[in-house]
Amino acid sequence: GEEVAQTPKHLVRGEGQKAKLYCAPIKGHSYVFWYQQVLKNEFKFLISFQNENVFDETGMPKERFSAKCLPNSPCSLEIQATKLEDSAVYFCASTPSFGAGETQYFGPGTRLLVL
Amino acid sequence: AQSVTQPDIHITVSEGASLELRCNYSYGATPYLFWYVQSPGQGLQLLLKYFSGDTLVQGIKGFEAEFKRSQSSFNLRKPSVHWSDAAEYFCAVGAPAAGNKLTFGGGTRVLVKP
């Protein structure tokens, strides 16, 4: 498609439950980025993919977060055993290639609330 | 490591007045700088970007920004604000050497008075 799609729009989980978020990049875009926006508007980079390969995972919390981008499927970000501090808006962005100054096109985000 | 500072958390401006949002960055090499706008409950929309060439960059919705290497700044301006410009504005820096991941400033919320 012409836009980055993210589902669901909202997700509510009890502490300790699993949360799974999905992202469909723009068709033809090879790179996908995940960011977490917490309440103070702080954006944190989580992970990026080049097609189905992890490109940069330096921002990923090691223990409870995992992500995948499989061929012909939306990318996913999964949080096992959610904690209160995972409450945030999770954005996905995609770019067509890895060039200097490449624009990242953002999806509308998934708002996760952990109770 | 790259970092971005937006000194103003909130700015209130009257409709029709000019607007300037400040952005200071820290990055060891040539920075690639972006301004995004986020309306309530929405994703981020790119307003403009700088990665080479003319230091005065024109963007969408009548916005422009000027890259000043000597001041490590990339301030965003609009000559005449419309009520629809009320939103949160984010400055970001990214570079291929850093995996193209974006580092964002804390954002500036713009309120427009009638």
# chains A, B, ... in the order shown; residues from 1 in each chain; ligands from 1
call {"tool": "residues_around", "arguments": {"residues": "Asp86 of chain A", "least_positions_apart": "6", "cutoff": "8 Å", "atoms": "only C-alpha atoms", "output": "list in words"}}
result
Leu112, Leu113 and Val114 of chain A
call {"tool": "write_last_selection", "arguments": {"atoms": "N, CA and C atoms", "output": "tab-separated table (two decimals), in the first residue's frame"}}
result
chain	number	residue	atom	x	y	z
A	112	LEU	N	-0.50	1.22	23.33
A	112	LEU	CA	-0.55	0.10	24.27
A	112	LEU	C	-0.72	0.64	25.68
A	113	LEU	N	-1.74	0.13	26.34
A	113	LEU	CA	-1.96	0.49	27.74
A	113	LEU	C	-1.86	-0.78	28.57
A	114	VAL	N	-0.95	-0.77	29.52
A	114	VAL	CA	-0.77	-1.92	30.41
A	114	VAL	C	-1.31	-1.54	31.78
call {"tool": "residues_around", "arguments": {"residues": "segment 30-43 of chain A", "least_positions_apart": "6", "cutoff": "8 Å", "atoms": "only C-alpha atoms", "output": "PyMOL selection string"}}
result
(chain A and resi 49-51+87-98) or (chain B and resi 101+103-107)
call {"tool": "closest_atom_pairs", "arguments": {"of": "chain A", "to": "chain B", "cutoff": "7 Å", "atoms": "only C-alpha atoms", "output": "CSV"}}
result
residue,atom,partner,partner_atom,distance
A:Asn41,CA,B:Gly106,CA,6.0
A:Glu42,CA,B:Gly106,CA,5.6
A:Phe43,CA,B:Phe104,CA,6.1
A:Phe45,CA,B:Lys101,CA,6.8
A:Asp56,CA,B:Gly99,CA,6.7
A:Gly99,CA,B:Pro96,CA,6.8
A:Ala100,CA,B:Pro96,CA,5.9
A:Gly101,CA,B:Phe51,CA,5.3
A:Phe106,CA,B:Leu44,CA,5.7
A:Gly107,CA,B:Gly43,CA,5.7
A:Pro108,CA,B:Gly43,CA,4.0
A:Gly109,CA,B:Gly43,CA,6.1
call {"tool": "write_last_selection", "arguments": {"atoms": "N, CA, C and O atoms", "output": "PDB file, in the first residue's frame"}}
result
ATOM      1  N   ASN A  41       6.599  12.260  25.543  1.00  0.00           N
ATOM      2  CA  ASN A  41       6.925  12.502  24.140  1.00  0.00           C
ATOM      3  C   ASN A  41       8.296  12.026  23.732  1.00  0.00           C
ATOM      4  O   ASN A  41       8.774  12.344  22.656  1.00  0.00           O
ATOM      5  N   GLU A  42       8.939  11.279  24.597  1.00  0.00           N
ATOM      6  CA  GLU A  42      10.275  10.813  24.262  1.00  0.00           C
ATOM      7  C   GLU A  42      10.168   9.630  23.308  1.00  0.00           C
ATOM      8  O   GLU A  42       9.496   8.644  23.583  1.00  0.00           O
ATOM      9  N   PHE A  43      10.839   9.743  22.197  1.00  0.00           N
ATOM     10  CA  PHE A  43      10.906   8.645  21.232  1.00  0.00           C
ATOM     11  C   PHE A  43      12.144   7.816  21.506  1.00  0.00           C
ATOM     12  O   PHE A  43      13.239   8.355  21.696  1.00  0.00           O
ATOM     13  N   PHE A  45      14.245   4.565  19.814  1.00  0.00           N
ATOM     14  CA  PHE A  45      14.421   3.595  18.743  1.00  0.00           C
ATOM     15  C   PHE A  45      14.512   2.207  19.349  1.00  0.00           C
ATOM     16  O   PHE A  45      15.215   1.993  20.347  1.00  0.00           O
ATOM     17  N   ASP A  56      19.454  -3.427  12.901  1.00  0.00           N
ATOM     18  CA  ASP A  56      19.993  -2.746  14.082  1.00  0.00           C
ATOM     19  C   ASP A  56      19.047  -3.032  15.240  1.00  0.00           C
ATOM     20  O   ASP A  56      17.873  -2.672  15.171  1.00  0.00           O
ATOM     21  N   GLY A  99      19.655   5.164   2.151  1.00  0.00           N
ATOM     22  CA  GLY A  99      20.456   6.255   1.614  1.00  0.00           C
ATOM     23  C   GLY A  99      20.578   7.379   2.606  1.00  0.00           C
ATOM     24  O   GLY A  99      19.863   7.438   3.598  1.00  0.00           O
ATOM     25  N   ALA A 100      21.484   8.291   2.320  1.00  0.00           N
ATOM     26  CA  ALA A 100      21.651   9.451   3.184  1.00  0.00           C
ATOM     27  C   ALA A 100      20.403  10.317   3.135  1.00  0.00           C
ATOM     28  O   ALA A 100      19.890  10.613   2.052  1.00  0.00           O
ATOM     29  N   GLY A 101      19.909  10.668   4.291  1.00  0.00           N
ATOM     30  CA  GLY A 101      18.748  11.535   4.339  1.00  0.00           C
ATOM     31  C   GLY A 101      17.444  10.885   3.907  1.00  0.00           C
ATOM     32  O   GLY A 101      16.485  11.565   3.568  1.00  0.00           O
ATOM     33  N   PHE A 106       6.026   7.180   8.577  1.00  0.00           N
ATOM     34  CA  PHE A 106       5.505   6.616   9.809  1.00  0.00           C
ATOM     35  C   PHE A 106       4.063   6.152   9.673  1.00  0.00           C
ATOM     36  O   PHE A 106       3.249   6.775   8.984  1.00  0.00           O
ATOM     37  N   GLY A 107       3.758   5.087  10.386  1.00  0.00           N
ATOM     38  CA  GLY A 107       2.383   4.655  10.534  1.00  0.00           C
ATOM     39  C   GLY A 107       1.690   5.452  11.626  1.00  0.00           C
ATOM     40  O   GLY A 107       2.315   6.269  12.297  1.00  0.00           O
ATOM     41  N   PRO A 108       0.407   5.188  11.837  1.00  0.00           N
ATOM     42  CA  PRO A 108      -0.369   5.945  12.827  1.00  0.00           C
ATOM     43  C   PRO A 108      -0.103   5.531  14.264  1.00  0.00           C
ATOM     44  O   PRO A 108      -0.543   6.196  15.188  1.00  0.00           O
ATOM     45  N   GLY A 109       0.597   4.411  14.436  1.00  0.00           N
ATOM     46  CA  GLY A 109       0.947   3.982  15.786  1.00  0.00           C
ATOM     47  C   GLY A 109      -0.062   3.029  16.402  1.00  0.00           C
ATOM     48  O   GLY A 109      -1.226   2.963  15.995  1.00  0.00           O
TER      49      GLY A 109
END
call {"tool": "select_by_dssp", "arguments": {"residues": "chain B", "states": "strand (DSSP E)", "output": "ChimeraX atom specification"}}
result
/B:3-5,10-14,19-21,24-26,32-38,44-50,56-58,64-68,73-78,87-94,103-104,108-113
call {"tool": "write_last_selection", "arguments": {"atoms": "C-alpha atoms", "output": "compact mmCIF listing (two decimals), in the first residue's frame"}}
result
# COMPACT_ATOMS: atom_id res chain seq x y z
CA SER B 3 21.30 14.00 20.30
CA VAL B 4 18.68 16.65 19.68
CA THR B 5 17.42 19.40 21.95
CA HIS B 10 5.28 24.91 24.54
CA ILE B 11 4.82 27.88 22.26
CA THR B 12 1.62 29.89 21.93
CA VAL B 13 1.21 32.04 18.85
CA SER B 14 -1.64 34.09 17.44
CA LEU B 19 6.46 31.02 14.24
CA GLU B 20 9.97 29.83 14.96
CA LEU B 21 10.79 26.54 16.62
CA ASN B 24 19.91 22.10 18.37
CA TYR B 25 21.69 18.90 17.52
CA SER B 26 24.85 17.10 18.41
CA TYR B 32 20.83 14.60 8.32
CA LEU B 33 18.09 16.64 9.92
CA PHE B 34 14.34 16.31 9.83
CA TRP B 35 11.28 18.12 11.09
CA TYR B 36 8.14 16.07 11.67
CA VAL B 37 4.69 17.19 12.80
CA GLN B 38 2.35 15.10 14.91
CA LEU B 44 4.37 11.65 12.23
CA GLN B 45 4.34 13.58 8.98
CA LEU B 46 7.55 14.85 7.45
CA LEU B 47 7.61 18.63 6.99
CA LEU B 48 11.10 18.93 5.54
CA LYS B 49 14.60 17.59 5.73
CA TYR B 50 18.19 18.64 5.20
CA LEU B 56 17.63 26.93 3.63
CA VAL B 57 15.15 24.15 3.11
CA GLN B 58 11.56 24.56 1.98
CA GLU B 64 11.05 26.33 6.03
CA ALA B 65 14.14 25.57 8.08
CA GLU B 66 17.69 26.80 8.08
CA PHE B 67 20.69 24.62 8.81
CA LYS B 68 23.46 26.48 10.61
CA SER B 73 20.93 24.43 14.79
CA PHE B 74 18.10 23.60 12.44
CA ASN B 75 15.29 26.00 13.34
CA LEU B 76 11.85 25.72 11.78
CA ARG B 77 9.93 28.78 10.68
CA LYS B 78 6.59 29.75 9.22
CA ALA B 87 0.30 20.31 16.78
CA GLU B 88 3.45 18.80 18.23
CA TYR B 89 6.64 19.36 16.28
CA PHE B 90 9.65 17.10 16.45
CA CYS B 91 13.17 17.70 15.23
CA ALA B 92 15.24 14.61 14.51
CA VAL B 93 18.72 13.65 13.38
CA GLY B 94 19.71 10.50 11.58
CA THR B 103 17.06 10.45 17.33
CA PHE B 104 14.27 12.84 18.25
CA THR B 108 7.49 21.50 20.97
CA ARG B 109 3.74 21.82 21.35
CA VAL B 110 2.34 24.74 19.35
CA LEU B 111 -0.92 26.32 20.41
CA VAL B 112 -2.60 28.78 18.05
CA LYS B 113 -4.77 31.55 19.47
call {"tool": "closest_residue", "arguments": {"among": "A:Gln104, A:Glu52, A:Arg13, A:Lys18", "to": "Ser73 of chain A", "atoms": "only C-alpha atoms"}}
result
A:Glu52
call {"tool": "atom_distance", "arguments": {"atom1": "atom CA of Ala86 of chain B", "atom2": "atom CA of His10 of chain A"}}
result
23.9 Å
call {"tool": "atom_distance", "arguments": {"atom1": "atom CA of Ile9 of chain B", "atom2": "atom CA of Thr103 of chain A"}}
result
24.8 Å
call {"tool": "residues_around", "arguments": {"residues": "segment 77-82 of chain A", "least_positions_apart": "5", "cutoff": "8 Å", "atoms": "only C-alpha atoms", "output": "PDB file with C-alpha atoms, in the first residue's frame"}}
result
ATOM      1  CA  ARG A  13      -3.247  -5.658  28.478  1.00  0.00           C
ATOM      2  CA  GLY A  14      -3.002  -6.635  32.092  1.00  0.00           C
ATOM      3  CA  GLU A  15       0.446  -6.698  33.564  1.00  0.00           C
ATOM      4  CA  GLY A  16       2.143  -9.950  32.685  1.00  0.00           C
ATOM      5  CA  GLN A  17       0.098 -10.554  29.546  1.00  0.00           C
ATOM      6  CA  LYS A  18       1.522 -10.755  26.052  1.00  0.00           C
ATOM      7  CA  ALA A  19       1.097  -7.983  23.504  1.00  0.00           C
ATOM      8  CA  LYS A  20       1.622  -8.302  19.771  1.00  0.00           C
ATOM      9  CA  LEU A  21       1.687  -5.364  17.402  1.00  0.00           C
ATOM     10  CA  TYR A  22       1.744  -5.445  13.622  1.00  0.00           C
ATOM     11  CA  ARG A  64      10.798  -9.325  26.938  1.00  0.00           C
ATOM     12  CA  PHE A  65      10.760  -7.751  23.481  1.00  0.00           C
ATOM     13  CA  SER A  66      11.084  -9.555  20.187  1.00  0.00           C
ATOM     14  CA  ALA A  67      10.378  -8.602  16.592  1.00  0.00           C
ATOM     15  CA  LYS A  68      10.147 -10.228  13.192  1.00  0.00           C
ATOM     16  CA  VAL A 114      -0.772  -1.920  30.408  1.00  0.00           C
TER      17      VAL A 114
END
call {"tool": "atom_distance", "arguments": {"atom1": "atom CA of Ala5 of chain A", "atom2": "atom CA of Trp83 of chain B"}}
result
27.9 Å
